[in-house]
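A.B. asks: Handing you a structure now.
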Amino acid sequence: MVQRTDEDRSAEPPDDAMFAPITRETVSSQIRTQLLERITSGELAPGARVPSERDLSDQFQVARTSVREALQGLVSLGVIERRGNRAYVVEHLPEVIVGGDDQRKGFVRQLFETRRLLEVPIFSLAAERADDHDRRHITEMAGQFSADLDLETFRTLDRRFHTTVAAACGNDLLIELYGKAVSYTH
């Protein structure tokens with residue numbers, strides 16, 4: 001056993017120096033995160049067919065085994081399901097069909113009440129739980145807003161921004177509920 005001298009100890013950082021542990025995110029984890037963002041933002045809607053392993057492999061420029069591992073992780077989370085050799089986004093919440101103007105106004109009012117009730121706690125959790133990567137991503141997205149955006153670009157960016165913040169809350173059920181509510185506003 002090697003004995004440390006006082007000189008060796010003085011070169012060590014002080015006890016109050018706190019560093020966050022360094023993590024290495026796997027390729028499959030990065031793929032899973034990107035796919036989950038597309039699902040929670042509504043770009044891959046409930047019931048939608050997920051691109052094939054080959055297509056995803058080409059788009060991500062990775063081996064199919066990494067894509068397969070990412071898809072299996074999403075199956076385990078209950079976000080996608082396999083039907084034969086294809087993957088589909090699961091349908092958790094039923095669609096609401098609204099007809100007539102009076103019903104539409106009532107629905108819009110309920111929708112915004114729902115968003116108000118969900119956004120505050122979700123965004124509070126995101127503020128507590130977001131890691132440095134999440135915070136950078138959110139800051140970058142916020143920087144894309146400008147006064148000269150056309151309405152369609154604004155809506156797309158607004159939806160992505162809100163779902164990105166929501167994803168940082170770390171609660172999959174809240175993310176799903178919020179994604180569903182946001183999908184009705186765009």
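Quick note on naming: the chains in the structure tokens go A, B, ... in the order shown, residues restart at 1 in each chain, and ligands are numbered from 1 in order of appearance.
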Mind listing the alpha helix (DSSP H) residues of region 61-154 of chain A, per DSSP on the backbone, as an NGL selection string?
C.D. replies: :A and (64-77 or 101-129 or 132-142 or 151-154)
A.B. asks: Residues at most 12 Å from Phe154 (chain A), counting only C-alpha atoms, excluding those fewer than 6 positions away in the same chain, as a short mmCIF file (atom, residue, chain, number, x, y, z; two decimals) with C-alpha atoms, in the first residue's frame?
C.D. replies:
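Done, and the output landed in selection_3.cif:
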```cif
data_model
loop_
_atom_site.label_atom_id
_atom_site.label_comp_id
_atom_site.auth_asym_id
_atom_site.auth_seq_id
_atom_site.Cartn_x
_atom_site.Cartn_y
_atom_site.Cartn_z
CA MET A 141 -34.25 26.88 -29.05
CA ALA A 142 -35.34 30.08 -27.26
CA GLN A 144 -34.44 30.96 -32.50
CA PHE A 145 -37.52 33.08 -31.77
CA SER A 146 -37.65 36.46 -33.46
CA ALA A 147 -40.29 39.06 -34.24
CA ASP A 148 -40.13 38.37 -37.99
CA ARG A 160 -40.84 22.12 -30.18
CA PHE A 161 -39.73 24.57 -27.50
CA HIS A 162 -42.56 23.68 -25.11
CA HIS A 186 -51.32 23.32 -33.49
#
```
A.B. asks: Could you check which of A:Leu117, A:Ile31, A:Ala127, A:Val90 is closest to Phe60 (chain A), using only C-alpha atoms?
C.D. replies: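 Of the candidates, the smallest distance to Phe60 (chain A) is held by A:Ile31.
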A.B. asks: Give the strand (DSSP E) residues of region 17-154 of chain A, as DSSP finds them on the backbone, and put them as a list in words.
C.D. replies: Ile80, Glu81, Arg82, Arg83, Arg86, Ala87, Tyr88 and Val89 of chain A
A.B. asks: A:Gln59, A:Asn171, A:Thr163, A:Thr156: which is nearest Thr40 (chain A), counting only C-alpha atoms?
C.D. replies: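 Of the candidates, the smallest distance to Thr40 (chain A) is held by A:Thr163.
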A.B. asks: Here is a test: counting only C-alpha atoms, which residue of A:Ala126, A:Val182, A:Val27, A:Val62 is nearest to Arg155 (chain A)?
C.D. replies: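 Between A:Ala126, A:Val182, A:Val27, A:Val62, the residue approaching Arg155 (chain A) most closely is A:Val182.
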A.B. asks: Using only C-alpha atoms, which of A:Leu173, A:Ala45, A:Val50, A:Val67 sits nearest Gln30 (chain A)?
C.D. replies: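 Looking at the shortest contact to Gln30 (chain A), the residue is A:Val67.
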A.B. asks: What does the distance between CA of Thr33 (chain A) and CA of Leu74 (chain A) come to in Å, to one decimal place?
C.D. replies: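 Between these atoms lies a distance of 9.4 Å.
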A.B. asks: State, in Å with one decimal place, the distance from CA of Tyr88 (chain A) to CA of Gly47 (chain A).
C.D. replies: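 Between CA of Tyr88 (chain A) and CA of Gly47 (chain A) the gap is 5.9 Å.
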A.B. asks: With distances taken over only C-alpha atoms, which of A:Leu111, A:Ala166, A:Ala87, A:Leu118 is nearest to Pro46 (chain A)?
C.D. replies: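 The closest residue to Pro46 (chain A) is A:Ala87.
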A.B. asks: Select, from A:Gly143, A:Glu91, A:Arg109, A:Ala168, the residue with the minimum atom-to-atom distance to Ala48 (chain A), counting only C-alpha atoms.
C.D. replies: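 Nearest candidate to Ala48 (chain A) out of A:Gly143, A:Glu91, A:Arg109, A:Ala168: A:Glu91.
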